[in-house]
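Participant: Enclosed is the structure file upload_14.cif (mmCIF, C-alpha atoms).
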data_entry
#
loop_
_atom_site.label_atom_id
_atom_site.label_comp_id
_atom_site.auth_asym_id
_atom_site.auth_seq_id
_atom_site.Cartn_x
_atom_site.Cartn_y
_atom_site.Cartn_z
CA MET W 39 52.32 128.36 76.97
CA GLY W 40 49.64 126.31 78.71
CA ILE W 41 49.63 124.90 82.23
CA LEU W 42 51.49 121.81 81.04
CA GLY W 43 54.16 123.89 79.33
CA LYS W 44 54.64 125.99 82.46
CA ALA W 45 54.91 122.89 84.63
CA ARG W 46 57.46 121.46 82.20
CA ALA W 47 59.54 124.63 82.30
CA LYS W 48 59.45 124.72 86.10
CA SER W 49 60.41 121.12 86.79
CA PRO W 50 63.28 119.84 84.65
CA TRP W 51 64.79 116.74 86.23
CA ILE W 52 68.39 116.07 85.37
CA LEU W 53 70.31 112.91 84.60
CA HIS W 54 74.08 113.27 84.68
CA PHE W 55 76.24 110.80 82.78
CA ASP W 56 80.02 110.87 82.99
CA ALA W 57 81.14 109.23 79.74
CA GLY W 58 84.82 109.38 80.65
CA ALA W 59 85.76 112.82 81.89
CA CYS W 60 88.73 113.72 84.08
CA ASN W 61 86.06 114.52 86.74
CA GLY W 62 86.67 118.26 86.42
CA CYS W 63 83.31 118.80 84.70
CA ASP W 64 81.56 116.40 87.07
CA ILE W 65 82.73 118.37 90.08
CA GLU W 66 81.32 121.52 88.46
CA VAL W 67 78.01 119.77 87.71
CA ILE W 68 77.73 118.61 91.31
CA ALA W 69 78.67 122.14 92.44
CA CYS W 70 75.42 123.35 90.86
CA LEU W 71 73.54 121.47 93.58
CA THR W 72 75.39 123.13 96.46
CA PRO W 73 73.91 126.02 98.48
CA VAL W 74 75.99 128.54 96.47
CA TYR W 75 74.32 127.77 93.11
CA ASP W 76 71.28 125.73 94.26
CA VAL W 77 69.67 124.60 90.98
CA GLU W 78 66.69 123.34 92.97
CA ARG W 79 65.39 126.94 92.97
CA PHE W 80 64.61 126.31 89.27
CA GLY W 81 62.93 123.03 90.23
CA MET W 82 65.89 121.06 88.87
CA MET W 83 66.82 117.85 90.63
CA ASN W 84 69.66 115.46 89.95
CA ILE W 85 67.40 112.45 89.59
CA GLY W 86 69.85 109.74 88.52
CA ASN W 87 67.21 107.70 86.69
CA PRO W 88 66.70 107.97 82.90
CA LYS W 89 63.02 107.03 83.18
CA HIS W 90 62.32 110.10 85.34
CA ALA W 91 64.74 112.50 83.66
CA ASP W 92 64.04 115.36 81.25
CA ILE W 93 67.55 116.65 80.60
CA LEU W 94 70.64 114.52 80.04
CA LEU W 95 73.91 116.19 81.00
CA VAL W 96 76.87 114.42 79.42
CA THR W 97 80.47 115.10 80.41
CA GLY W 98 83.58 113.49 79.00
CA THR W 99 84.49 111.80 75.74
CA CYS W 100 82.67 108.89 74.23
CA ASN W 101 84.69 105.77 73.68
CA LEU W 102 84.06 102.32 72.28
CA ARG W 103 82.99 101.04 75.68
CA ASN W 104 80.47 103.62 76.83
CA ALA W 105 78.81 104.64 73.54
CA ARG W 106 76.30 101.81 73.97
CA VAL W 107 75.54 102.84 77.57
CA LEU W 108 74.99 106.46 76.52
CA LYS W 109 72.65 105.40 73.70
CA ASN W 110 70.74 103.18 76.11
CA LEU W 111 70.28 105.99 78.64
CA TYR W 112 69.08 108.35 75.91
CA ALA W 113 66.63 105.77 74.59
CA GLN W 114 65.22 105.12 78.07
CA MET W 115 64.33 108.79 78.63
CA PRO W 116 60.68 109.51 77.73
CA GLU W 117 59.94 112.45 75.39
CA PRO W 118 60.16 115.43 75.62
CA LYS W 119 63.85 115.42 76.45
CA ALA W 120 67.02 117.39 75.72
CA VAL W 121 70.74 116.70 75.82
CA VAL W 122 73.43 119.07 77.08
CA ALA W 123 77.06 118.29 76.23
CA ILE W 124 79.33 119.78 78.88
CA GLY W 125 83.03 120.53 78.52
CA ALA W 126 85.62 120.27 75.76
CA CYS W 127 85.71 116.47 75.89
CA ALA W 128 81.94 116.06 75.41
CA LEU W 129 82.04 118.61 72.57
CA SER W 130 84.89 117.20 70.52
CA GLY W 131 86.91 114.72 72.50
CA GLY W 132 89.13 117.45 73.97
CA VAL W 133 92.62 116.39 74.97
CA PHE W 134 91.64 112.76 74.48
CA HIS W 135 90.68 113.36 70.85
CA GLU W 136 93.55 111.38 69.31
CA CYS W 137 93.33 108.40 71.65
CA TYR W 138 92.88 105.02 69.94
CA ASN W 139 89.64 104.18 71.75
CA VAL W 140 88.00 107.63 71.66
CA LEU W 141 85.10 108.27 69.27
CA GLY W 142 85.15 112.05 69.82
CA GLY W 143 82.29 114.15 71.18
CA VAL W 144 78.79 113.12 72.20
CA GLU W 145 77.28 114.44 68.95
CA GLY W 146 78.16 111.34 66.95
CA ILE W 147 76.39 109.04 69.41
CA ILE W 148 73.20 110.87 70.42
CA PRO W 149 71.67 114.16 69.16
CA VAL W 150 72.86 117.14 71.23
CA ASP W 151 70.69 120.23 71.86
CA VAL W 152 73.02 122.52 73.82
CA TRP W 153 76.81 122.73 73.86
CA VAL W 154 78.53 124.16 76.95
CA PRO W 155 82.22 124.75 76.14
CA GLY W 156 84.99 125.06 78.71
CA CYS W 157 87.60 122.99 80.47
CA ALA W 158 85.96 122.80 82.88
CA PRO W 159 82.92 125.09 82.35
CA LYS W 160 81.81 127.18 85.32
CA PRO W 161 78.65 126.12 87.19
CA GLU W 162 76.97 129.33 85.95
CA ALA W 163 77.56 128.19 82.36
CA ILE W 164 76.21 124.71 83.13
CA ILE W 165 73.04 126.19 84.70
CA GLU W 166 72.59 128.45 81.65
CA GLY W 167 73.02 125.43 79.38
CA ALA W 168 70.37 123.52 81.33
CA VAL W 169 67.97 126.49 81.14
CA MET W 170 68.52 126.68 77.36
CA ALA W 171 67.85 122.95 77.16
CA VAL W 172 64.52 123.56 78.90
CA GLN W 173 63.57 126.08 76.18
CA ARG W 174 64.63 123.62 73.52
CA MET W 175 62.53 120.91 75.18
CA GLN W 176 59.52 123.25 75.16
CA GLU W 177 59.94 123.89 71.44
CA ARG W 178 60.23 120.19 70.83
CA ALA W 179 57.11 119.42 72.88
CA SER W 180 55.09 122.12 71.11
CA GLY W 181 56.09 120.70 67.74
CA LYS W 182 58.06 123.78 66.57
CA VAL W 183 61.22 121.72 66.33
CA GLN W 184 61.18 118.08 65.32
CA PRO W 185 63.22 115.71 67.46
CA PRO W 186 66.60 115.37 65.77
CA GLU W 187 67.07 112.31 63.62
CA ASP W 188 69.46 109.82 65.10
CA GLU W 189 72.15 109.89 62.43
CA SER W 190 74.78 107.93 64.28
CA GLU W 191 75.69 104.61 62.79
CA ASP W 192 75.09 101.44 64.71
CA GLU W 193 78.64 100.18 64.36
CA HIS W 194 79.39 101.03 68.01
CA ALA W 195 76.17 99.73 69.41
CA MET E 292 27.07 118.75 106.09
CA ASN E 293 25.76 116.67 103.21
CA PRO E 294 28.12 113.64 102.95
CA ILE E 295 28.36 113.89 99.15
CA ALA E 296 29.29 117.57 99.29
CA LEU E 297 31.79 116.85 102.08
CA GLY E 298 33.35 114.04 100.02
CA ALA E 299 33.59 116.20 96.89
CA LEU E 300 35.13 119.03 98.91
CA THR E 301 37.69 116.62 100.36
CA LEU E 302 38.58 115.32 96.90
CA VAL E 303 39.41 118.86 95.76
CA ILE E 304 40.95 120.40 98.87
CA ALA E 305 43.06 117.46 100.12
CA PRO E 306 45.53 117.31 97.20
CA ILE E 307 45.92 121.11 97.24
CA LEU E 308 46.63 121.06 100.97
CA GLY E 309 48.95 118.05 100.70
CA GLY E 310 50.86 119.54 97.77
CA LEU E 311 51.29 122.88 99.52
CA LEU E 312 52.55 121.15 102.67
CA MET E 313 55.06 119.15 100.61
CA GLY E 314 56.18 122.33 98.84
CA LEU E 315 56.61 123.97 102.23
CA ASP E 316 58.62 120.92 103.31
CA ARG E 317 61.02 121.31 100.37
CA ARG E 318 61.34 125.03 101.02
CA ILE E 319 62.03 124.59 104.75
CA THR E 320 64.48 121.77 104.06
CA ALA E 321 66.33 124.03 101.61
CA ARG E 322 66.45 126.88 104.15
CA LEU E 323 67.78 124.49 106.81
CA GLN E 324 70.55 123.57 104.33
CA ASN E 325 71.23 127.28 103.70
CA ARG E 326 69.75 127.13 100.18
CA LEU E 327 66.99 129.19 98.60
CA GLY E 328 64.89 126.20 97.61
CA PRO E 329 62.17 125.67 94.99
CA PRO E 330 58.85 127.57 94.83
CA ILE E 331 56.12 126.43 97.24
CA LEU E 332 54.11 125.20 94.23
CA GLN E 333 56.95 122.91 93.08
CA PRO E 334 55.14 119.58 93.84
CA PHE E 335 52.28 120.69 91.53
CA TYR E 336 54.76 121.58 88.76
CA ASP E 337 56.36 118.16 89.16
CA VAL E 338 53.04 116.33 88.92
CA GLY E 339 51.95 118.44 85.92
CA LYS E 340 55.24 117.84 84.15
CA LEU E 341 55.09 114.09 84.77
CA MET E 342 51.56 113.94 83.36
CA GLY E 343 52.82 115.40 80.08
CA LYS E 344 55.63 112.90 79.59
CA GLN E 345 55.61 110.18 76.96
CA PRO E 346 53.99 107.05 78.44
CA VAL E 347 56.58 104.33 79.01
CA ALA E 348 55.77 101.11 80.88
CA CYS E 349 57.50 97.79 81.35
CA ASN E 350 54.21 95.91 81.72
CA SER E 351 50.49 96.66 81.90
CA PHE E 352 50.26 95.92 85.65
CA GLN E 353 52.39 98.95 86.55
CA GLY E 354 49.64 101.36 85.49
CA VAL E 355 47.05 99.31 87.40
CA ALA E 356 49.25 99.34 90.51
CA ALA E 357 49.79 103.12 90.38
CA SER E 358 46.10 103.88 89.84
CA LEU E 359 45.01 101.48 92.58
CA TYR E 360 47.49 103.11 94.94
CA LEU E 361 45.91 106.50 94.20
CA MET E 362 42.36 105.12 94.45
CA THR E 363 42.93 103.45 97.82
CA SER E 364 44.57 106.59 99.22
CA VAL E 365 41.58 108.68 98.12
CA LEU E 366 39.15 106.07 99.45
CA ALA E 367 40.93 105.91 102.82
CA LEU E 368 40.78 109.69 103.17
CA LEU E 369 37.09 109.75 102.21
CA MET E 370 36.35 107.05 104.79
CA PHE E 371 38.16 109.15 107.39
CA VAL E 372 36.28 112.34 106.54
CA LEU E 373 32.91 110.57 106.39
CA GLY E 374 33.46 108.94 109.81
CA GLN E 375 33.69 105.31 108.72
CA ASP E 376 35.32 102.31 110.38
CA LEU E 377 38.96 103.14 111.18
CA LEU E 378 40.09 99.51 111.10
CA VAL E 379 38.72 98.99 107.57
CA LEU E 380 40.32 102.31 106.62
CA LEU E 381 43.72 100.97 107.70
CA PHE E 382 43.19 97.82 105.65
CA VAL E 383 42.34 99.93 102.59
CA LEU E 384 45.48 102.01 103.18
CA ALA E 385 47.58 98.85 103.54
CA LEU E 386 46.04 97.45 100.35
CA GLY E 387 47.21 100.56 98.48
CA ALA E 388 50.73 100.28 99.90
CA VAL E 389 50.83 96.60 98.90
CA MET E 390 49.67 97.53 95.38
CA LEU E 391 52.59 99.94 95.03
CA ILE E 392 54.96 97.23 96.25
CA LEU E 393 53.49 94.69 93.81
CA GLY E 394 53.94 97.25 91.04
CA GLY E 395 57.61 97.44 91.99
CA PHE E 396 57.90 93.65 92.14
CA SER E 397 56.19 93.25 88.74
CA VAL E 398 59.34 94.46 86.96
CA LYS E 399 62.42 92.27 86.91
CA SER E 400 64.83 95.17 87.39
CA PRO E 401 66.99 94.48 90.47
CA TYR E 402 66.62 98.13 91.56
CA SER E 403 62.86 97.79 91.58
CA GLN E 404 62.97 94.43 93.36
CA LEU E 405 65.31 95.65 96.09
CA GLY E 406 63.36 98.87 96.59
CA SER E 407 60.09 96.96 96.92
CA GLN E 408 61.58 94.62 99.50
CA ARG E 409 62.69 97.60 101.55
CA GLU E 410 59.23 99.13 101.28
CA VAL E 411 57.77 95.91 102.73
CA LEU E 412 60.10 96.32 105.72
CA GLN E 413 58.89 99.90 106.15
CA MET E 414 55.29 98.68 106.18
CA LEU E 415 56.27 96.11 108.77
CA ALA E 416 57.59 98.96 110.92
CA TYR E 417 54.64 101.37 110.81
CA GLU E 418 51.49 99.25 110.32
CA PRO E 419 51.28 97.87 113.92
CA LEU E 420 51.41 101.38 115.37
CA LEU E 421 48.50 102.57 113.24
CA VAL E 422 46.45 99.53 114.30
CA LEU E 423 47.36 100.05 117.98
CA MET E 424 46.16 103.65 117.78
CA VAL E 425 42.79 102.44 116.53
CA VAL E 426 42.74 99.88 119.35
CA GLY E 427 43.25 102.79 121.75
CA VAL E 428 40.24 104.52 120.23
CA TYR E 429 38.22 101.31 120.68
CA LEU E 430 39.18 100.97 124.35
CA GLN E 431 37.73 104.39 125.07
CA THR E 432 34.71 104.52 122.82
CA GLY E 433 33.79 100.87 122.36
CA SER E 434 33.69 101.41 118.63
CA PHE E 435 36.11 101.47 115.70
CA SER E 436 34.15 104.19 113.95
CA ALA E 437 35.75 107.59 113.35
CA ASN E 438 32.47 109.26 114.30
CA SER E 439 32.68 107.75 117.80
CA VAL E 440 35.83 109.80 118.43
CA LEU E 441 34.02 113.00 117.51
CA ALA E 442 31.32 112.06 120.01
CA LEU E 443 33.87 112.07 122.88
CA ASP E 444 33.79 115.21 124.99
CA ARG E 445 37.49 115.20 125.93
CA PRO E 446 40.55 115.12 123.65
CA LEU E 447 42.19 111.75 123.03
CA LEU E 448 45.65 113.18 123.70
CA LEU E 449 44.95 113.28 127.46
CA THR E 450 44.62 109.50 127.55
CA MET E 451 46.85 108.60 124.58
CA PRO E 452 49.88 110.94 124.88
CA ILE E 453 52.33 108.32 123.57
CA PHE E 454 50.44 108.13 120.29
CA LEU E 455 51.44 111.69 119.40
CA VAL E 456 55.05 110.46 119.38
CA THR E 457 54.36 107.19 117.58
CA GLN E 458 52.18 108.94 114.99
CA THR E 459 55.03 111.40 114.32
CA LEU E 460 57.33 108.42 113.75
CA VAL E 461 54.74 106.85 111.43
CA ILE E 462 54.56 110.08 109.40
CA GLY E 463 58.36 110.07 109.23
CA ILE E 464 58.40 106.51 107.91
CA LYS E 465 55.50 107.03 105.50
CA LEU E 466 57.08 110.18 104.03
CA HIS E 467 60.50 108.49 103.81
CA LYS E 468 62.23 110.94 106.14
CA SER E 469 65.62 110.35 107.76
CA PRO E 470 66.52 108.29 109.76
CA PHE E 471 63.68 106.09 108.44
CA ASP E 472 64.32 106.63 104.70
CA VAL E 473 65.31 103.04 104.01
CA SER E 474 63.18 102.60 100.90
CA ALA E 475 63.25 106.07 99.32
CA SER E 476 64.51 109.53 100.13
CA HIS E 477 63.64 113.06 99.13
CA HIS E 478 67.27 114.10 99.00
CA ALA E 479 69.22 111.26 97.44
CA HIS E 480 67.49 110.58 94.14
CA GLN E 481 70.49 108.82 92.66
CA GLU E 482 70.65 106.21 95.40
CA LEU E 483 69.74 102.57 95.20
CA VAL E 484 67.15 102.96 97.98
CA ARG E 485 64.83 104.87 95.62
CA GLY E 486 64.42 101.59 93.82
CA ILE E 487 60.67 101.18 94.21
CA TYR E 488 60.06 104.22 91.98
CA THR E 489 62.76 103.33 89.44
CA GLU E 490 60.49 101.68 86.91
CA PHE E 491 57.48 103.98 87.32
CA SER E 492 57.62 106.95 84.97
CA GLY E 493 55.46 109.68 83.48
CA LEU E 494 51.78 109.48 84.35
CA GLN E 495 52.27 106.51 86.68
CA LEU E 496 54.72 108.48 88.80
CA ALA E 497 52.35 111.48 88.72
CA LEU E 498 49.54 109.29 90.12
CA ILE E 499 51.85 108.02 92.86
CA GLU E 500 52.83 111.59 93.78
CA LEU E 501 49.15 112.58 93.87
CA ALA E 502 48.46 109.61 96.15
CA HIS E 503 51.23 110.88 98.44
CA PHE E 504 49.37 114.22 98.72
CA TYR E 505 46.19 112.45 99.87
CA GLU E 506 48.09 110.16 102.21
CA LEU E 507 49.86 113.07 103.88
CA VAL E 508 46.52 114.73 104.64
CA LEU E 509 45.15 111.46 106.02
CA LEU E 510 48.17 110.89 108.27
CA LEU E 511 47.94 114.45 109.58
CA GLY E 512 44.22 113.84 110.08
CA PHE E 513 45.09 111.01 112.48
CA VAL E 514 47.18 113.47 114.53
CA TRP E 515 44.36 116.02 114.40
CA PHE E 516 42.13 113.31 115.92
CA LEU E 517 44.14 113.52 119.13
CA TRP E 518 42.59 116.93 119.87
CA HIS E 519 39.29 116.92 118.00
CA THR E 520 37.44 119.12 120.52
CA ASN E 521 39.17 122.26 119.24
CA TRP E 522 40.09 122.00 115.57
CA LEU E 523 42.73 124.75 115.86
CA VAL E 524 44.64 122.87 118.56
CA GLY E 525 44.30 119.69 116.49
CA ALA E 526 45.68 121.42 113.40
CA ALA E 527 48.53 122.88 115.47
CA LEU E 528 49.36 119.38 116.75
CA ALA E 529 49.31 117.99 113.19
CA LEU E 530 51.58 120.76 111.90
CA ALA E 531 53.92 120.31 114.88
CA ALA E 532 54.18 116.59 114.12
CA TYR E 533 54.83 117.32 110.43
CA PHE E 534 57.50 119.94 111.05
CA SER E 535 59.25 117.80 113.66
CA THR E 536 59.62 115.06 111.02
CA ILE E 537 61.16 117.67 108.67
CA LEU E 538 63.56 118.78 111.40
CA MET E 539 64.38 115.16 112.23
CA ASP E 540 64.98 114.54 108.51
CA ASN E 541 67.61 117.28 108.38
CA VAL E 542 69.52 116.52 111.57
CA THR E 543 69.78 112.74 111.31
CA ALA E 544 71.39 110.30 108.91
CA ARG E 545 69.84 107.18 107.45
CA MET E 546 69.87 104.08 109.65
CA THR E 547 69.69 100.49 108.46
CA TRP E 548 66.40 98.65 107.93
CA ARG E 549 67.35 96.28 110.75
CA TRP E 550 67.51 99.22 113.13
CA LEU E 551 64.23 100.60 111.78
CA VAL E 552 62.28 97.38 112.31
CA SER E 553 63.82 96.55 115.69
CA PHE E 554 63.39 100.14 116.93
CA MET E 555 59.75 100.33 115.95
CA TRP E 556 58.98 96.85 117.28
CA THR E 557 60.63 97.48 120.67
CA TRP E 558 60.32 101.16 121.54
CA GLY E 559 57.44 102.06 119.24
CA ILE E 560 55.18 99.11 119.98
CA GLY E 561 56.39 98.84 123.59
CA LEU E 562 55.42 102.41 124.45
CA ALA E 563 52.15 102.15 122.54
CA VAL E 564 51.18 98.94 124.34
CA ALA E 565 52.13 100.51 127.70
CA ASN E 566 49.80 103.41 126.89
CA LEU E 567 47.04 101.00 125.92
CA ALA E 568 47.54 99.01 129.16
CA ALA E 569 47.25 102.23 131.17
CA ILE E 570 43.97 103.04 129.42
CA TYR E 571 42.70 99.50 129.92
CA PHE E 572 43.46 99.20 133.63
CA MET E 573 43.02 102.76 134.88
CA LEU E 574 41.14 105.03 132.55
CA ARG E 575 38.63 102.69 131.03
CA VAL E 576 35.21 104.31 131.01
CA PRO E 577 32.67 101.93 132.59
CA ARG E 578 29.87 101.08 130.24
#
Now, as a test, write the supplied structure out as structure tokens.

Facilitator:
Amino acid sequence: MGILGKARAKSPWILHFDAGACNGCDIEVIACLTPVYDVERFGMMNIGNPKHADILLVTGTCNLRNARVLKNLYAQMPEPKAVVAIGACALSGGVFHECYNVLGGVEGIIPVDVWVPGCAPKPEAIIEGAVMAVQRMQERASGKVQPPEDESEDEHA
Amino acid sequence: MNPIALGALTLVIAPILGGLLMGLDRRITARLQNRLGPPILQPFYDVGKLMGKQPVACNSFQGVAASLYLMTSVLALLMFVLGQDLLVLLFVLALGAVMLILGGFSVKSPYSQLGSQREVLQMLAYEPLLVLMVVGVYLQTGSFSANSVLALDRPLLLTMPIFLVTQTLVIGIKLHKSPFDVSASHHAHQELVRGIYTEFSGLQLALIELAHFYELVLLLGFVWFLWHTNWLVGAALALAAYFSTILMDNVTARMTWRWLVSFMWTWGIGLAVANLAAIYFMLRVPR
């Protein structure tokens, strides 16, 4: 791992997108920033801007309305990047799975690198997911893993 | 010392010093908030990471703006170290700040536009104080040159005490510290006020961060000037000014831009002009 790789591992900036969660997961994501968990000790910052972000944290189900927004945010993030799906809803749709407007998990819309299950997952699990996403990003940047093909259909775009 | 060697040394040491000070800032801020905080080297990791990102730009001017901002910051610092004209130095510094603002304005994103407008207001607040400090230097030495200050045999602070306060405020505004963080903030990255940086990404943002390192050293250099006769006292003054802005950042909340401009144009400029008047009428050295 060169200097660039080390810098990349030490400074992952996070973009958090709530696709339509009950806010349980979002509260846990925000809890990671508090003095108790303090993700900034890993150099992580909740940056709120896709053009600066390295890791996209998605909570909540995707529906017909926000699939386009999510795709846009993902497309605006410069490579190398990684996506973490957080909570039951982002994984599969969760309790909202059967709703008429719900498309299911994030996977069908953008490629996901790390899944963090739970309803809601603990902040420790979210931090571990983000750390795994950093490893995944490293592999992607070094060319070991090709960026996943975007297989989702454009019908929702 | 050979001016070329001195310039080269400044080019290497200034960003290291500036980055370390910013890392220390983030660490101290975290401790004040009862957090552990990032490593001291974090600003260097951030810059390195940004340099390795995929280049994305909205237009070709953005890259020009970011590089000119870095170049003018480096040039201003070099002029300072090599004892050049302080007034021209301030114009170079202002040119760089304007370049950054134009880079923000060059993109049609409303976030970028709003952020750039707020940055203009910040410039409006701090620029007069920098110029007034140089006027104070002129009143005592009869020259705008930085070398003329070094030729003085007594520290400037004795005749320009107010400028220690105003310079601390200027550092606070330049570094976007509370309560002056109207156009960007180190804590609230998700907020609208960070607009000016919204459309810069990757290498461009890395250049801007690097320019911040140089600018921080230059601003602290201006404080050091106030006690040039003993460089240790000068450095202590500079560090005191820097850490008081960090403390101020953590104990105050953001104020509006209206407050910022009216505060700096009444209290800031008022006190500075009073200090200058005192120098002019009482302390002026007969030539």

Participant: Please return, as a PyMOL selection string, all residues of chain W lying within 9 Å of chain E when only C-alpha atoms are considered.

Facilitator: chain W and resi 41-50+72-90+92+114-118

Participant: Could the residues in this selection be saved with C-alpha atoms as an mmCIF file, keeping the file's coordinate frame?

Facilitator:
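Just written: part00.cif:
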data_model
loop_
_atom_site.group_PDB
_atom_site.id
_atom_site.type_symbol
_atom_site.label_atom_id
_atom_site.label_comp_id
_atom_site.auth_asym_id
_atom_site.auth_seq_id
_atom_site.Cartn_x
_atom_site.Cartn_y
_atom_site.Cartn_z
ATOM 1 C CA ILE W 41 49.630 124.900 82.230
ATOM 2 C CA LEU W 42 51.490 121.810 81.040
ATOM 3 C CA GLY W 43 54.160 123.890 79.330
ATOM 4 C CA LYS W 44 54.640 125.990 82.460
ATOM 5 C CA ALA W 45 54.910 122.890 84.630
ATOM 6 C CA ARG W 46 57.460 121.460 82.200
ATOM 7 C CA ALA W 47 59.540 124.630 82.300
ATOM 8 C CA LYS W 48 59.450 124.720 86.100
ATOM 9 C CA SER W 49 60.410 121.120 86.790
ATOM 10 C CA PRO W 50 63.280 119.840 84.650
ATOM 11 C CA THR W 72 75.390 123.130 96.460
ATOM 12 C CA PRO W 73 73.910 126.020 98.480
ATOM 13 C CA VAL W 74 75.990 128.540 96.470
ATOM 14 C CA TYR W 75 74.320 127.770 93.110
ATOM 15 C CA ASP W 76 71.280 125.730 94.260
ATOM 16 C CA VAL W 77 69.670 124.600 90.980
ATOM 17 C CA GLU W 78 66.690 123.340 92.970
ATOM 18 C CA ARG W 79 65.390 126.940 92.970
ATOM 19 C CA PHE W 80 64.610 126.310 89.270
ATOM 20 C CA GLY W 81 62.930 123.030 90.230
ATOM 21 C CA MET W 82 65.890 121.060 88.870
ATOM 22 C CA MET W 83 66.820 117.850 90.630
ATOM 23 C CA ASN W 84 69.660 115.460 89.950
ATOM 24 C CA ILE W 85 67.400 112.450 89.590
ATOM 25 C CA GLY W 86 69.850 109.740 88.520
ATOM 26 C CA ASN W 87 67.210 107.700 86.690
ATOM 27 C CA PRO W 88 66.700 107.970 82.900
ATOM 28 C CA LYS W 89 63.020 107.030 83.180
ATOM 29 C CA HIS W 90 62.320 110.100 85.340
ATOM 30 C CA ASP W 92 64.040 115.360 81.250
ATOM 31 C CA GLN W 114 65.220 105.120 78.070
ATOM 32 C CA MET W 115 64.330 108.790 78.630
ATOM 33 C CA PRO W 116 60.680 109.510 77.730
ATOM 34 C CA GLU W 117 59.940 112.450 75.390
ATOM 35 C CA PRO W 118 60.160 115.430 75.620
#

Participant: Please identify all polymer residues within 12 Å of Arg549 in chain E, counting only C-alpha atoms, omitting same-chain residues fewer than 2 positions from it, and present them as a ChimeraX atom specification.

Facilitator: /E:409,412-413,415-416,471,473,545-547,551-556

Participant: Which residue out of W:Ala158, W:Val67, W:Val140, W:Ala59 has the minimum interatomic distance to Ala105 in chain W when all atoms listed in the file are used?

Facilitator: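 Closest to Ala105 in chain W of all the choices is W:Val140.
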
Participant: Using the chain letters and numbers from this file, what does the PyMOL selection byres ((chain W and resi 95-104) around 9) select? Give the answer as JSON, numbers by chain.

Facilitator: {"W": [52, 53, 54, 55, 56, 57, 58, 59, 60, 61, 63, 64, 67, 93, 94, 105, 106, 107, 108, 109, 120, 121, 122, 123, 124, 125, 126, 127, 128, 129, 130, 131, 132, 134, 135, 139, 140, 141, 142, 143, 144, 146, 147, 168, 194, 195]}

Participant: To one decimal place in Å, what is the distance between CA of Pro306 in chain E and CA of His503 in chain E?

Facilitator: 8.7 Å

Participant: I want to know what sits within 6 Å of Gln375 in chain E, based on all atoms listed in the file, with residues of the same chain fewer than 3 positions away left out; could you give that as a list of chain:residue names?

Facilitator: E:Met370, E:Ser436, E:Ala437

Participant: List the spatial neighbours of Gly394 in chain E as an mmCIF file with C-alpha atoms, in the coordinates of the input - criterion: any atom at most 7 Å away, all atoms listed in the file, same-chain residues fewer than 3 positions off excluded.

Facilitator:
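Below you can see selection.cif, which holds the result:
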data_model
loop_
_atom_site.group_PDB
_atom_site.id
_atom_site.type_symbol
_atom_site.label_atom_id
_atom_site.label_comp_id
_atom_site.auth_asym_id
_atom_site.auth_seq_id
_atom_site.Cartn_x
_atom_site.Cartn_y
_atom_site.Cartn_z
ATOM 1 C CA PHE E 352 50.260 95.920 85.650
ATOM 2 C CA GLN E 353 52.390 98.950 86.550
ATOM 3 C CA ALA E 356 49.250 99.340 90.510
ATOM 4 C CA MET E 390 49.670 97.530 95.380
ATOM 5 C CA LEU E 391 52.590 99.940 95.030
ATOM 6 C CA SER E 397 56.190 93.250 88.740
#

Participant: Mind pulling up the distance from CA of Ile487 in chain E to CA of Phe382 in chain E?

Facilitator: 21.2 Å

Participant: Hey, can you check how far CA of Glu410 in chain E sits from CA of Ser351 in chain E?

Facilitator: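 Separation of CA of Glu410 in chain E and CA of Ser351 in chain E: 21.4 Å.
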
Participant: Quick one: which residues end up in the PyMOL selection byres ((chain E and resi 506) around 10) for this structure, as a list in words?

Facilitator: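 That expression, the PyMOL selection byres ((chain E and resi 506) around 10), corresponds here to Ala305, Pro306, Gly309, Leu361, Thr363, Ser364, Val365, Ala367, Leu368, Leu384, Ile462, Lys465, Leu466, Glu500, Leu501, Ala502, His503, Phe504, Tyr505, Leu507, Val508, Leu509, Leu510, Leu511 and Gly512 of chain E.
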
Participant: Could you tell me which residues the PyMOL selection byres ((chain W and resi 170) around 12) returns for this structure, as an mmCIF file with C-alpha atoms, in the coordinates of the input?

Facilitator:
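Printed below is result02.cif as written:
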data_model
loop_
_atom_site.group_PDB
_atom_site.id
_atom_site.type_symbol
_atom_site.label_atom_id
_atom_site.label_comp_id
_atom_site.auth_asym_id
_atom_site.auth_seq_id
_atom_site.Cartn_x
_atom_site.Cartn_y
_atom_site.Cartn_z
ATOM 1 C CA ALA W 47 59.540 124.630 82.300
ATOM 2 C CA PRO W 50 63.280 119.840 84.650
ATOM 3 C CA ILE W 93 67.550 116.650 80.600
ATOM 4 C CA ALA W 120 67.020 117.390 75.720
ATOM 5 C CA VAL W 121 70.740 116.700 75.820
ATOM 6 C CA VAL W 122 73.430 119.070 77.080
ATOM 7 C CA ASP W 151 70.690 120.230 71.860
ATOM 8 C CA VAL W 152 73.020 122.520 73.820
ATOM 9 C CA TRP W 153 76.810 122.730 73.860
ATOM 10 C CA VAL W 154 78.530 124.160 76.950
ATOM 11 C CA ALA W 163 77.560 128.190 82.360
ATOM 12 C CA ILE W 164 76.210 124.710 83.130
ATOM 13 C CA ILE W 165 73.040 126.190 84.700
ATOM 14 C CA GLU W 166 72.590 128.450 81.650
ATOM 15 C CA GLY W 167 73.020 125.430 79.380
ATOM 16 C CA ALA W 168 70.370 123.520 81.330
ATOM 17 C CA VAL W 169 67.970 126.490 81.140
ATOM 18 C CA ALA W 171 67.850 122.950 77.160
ATOM 19 C CA VAL W 172 64.520 123.560 78.900
ATOM 20 C CA GLN W 173 63.570 126.080 76.180
ATOM 21 C CA ARG W 174 64.630 123.620 73.520
ATOM 22 C CA MET W 175 62.530 120.910 75.180
ATOM 23 C CA GLN W 176 59.520 123.250 75.160
ATOM 24 C CA GLU W 177 59.940 123.890 71.440
#
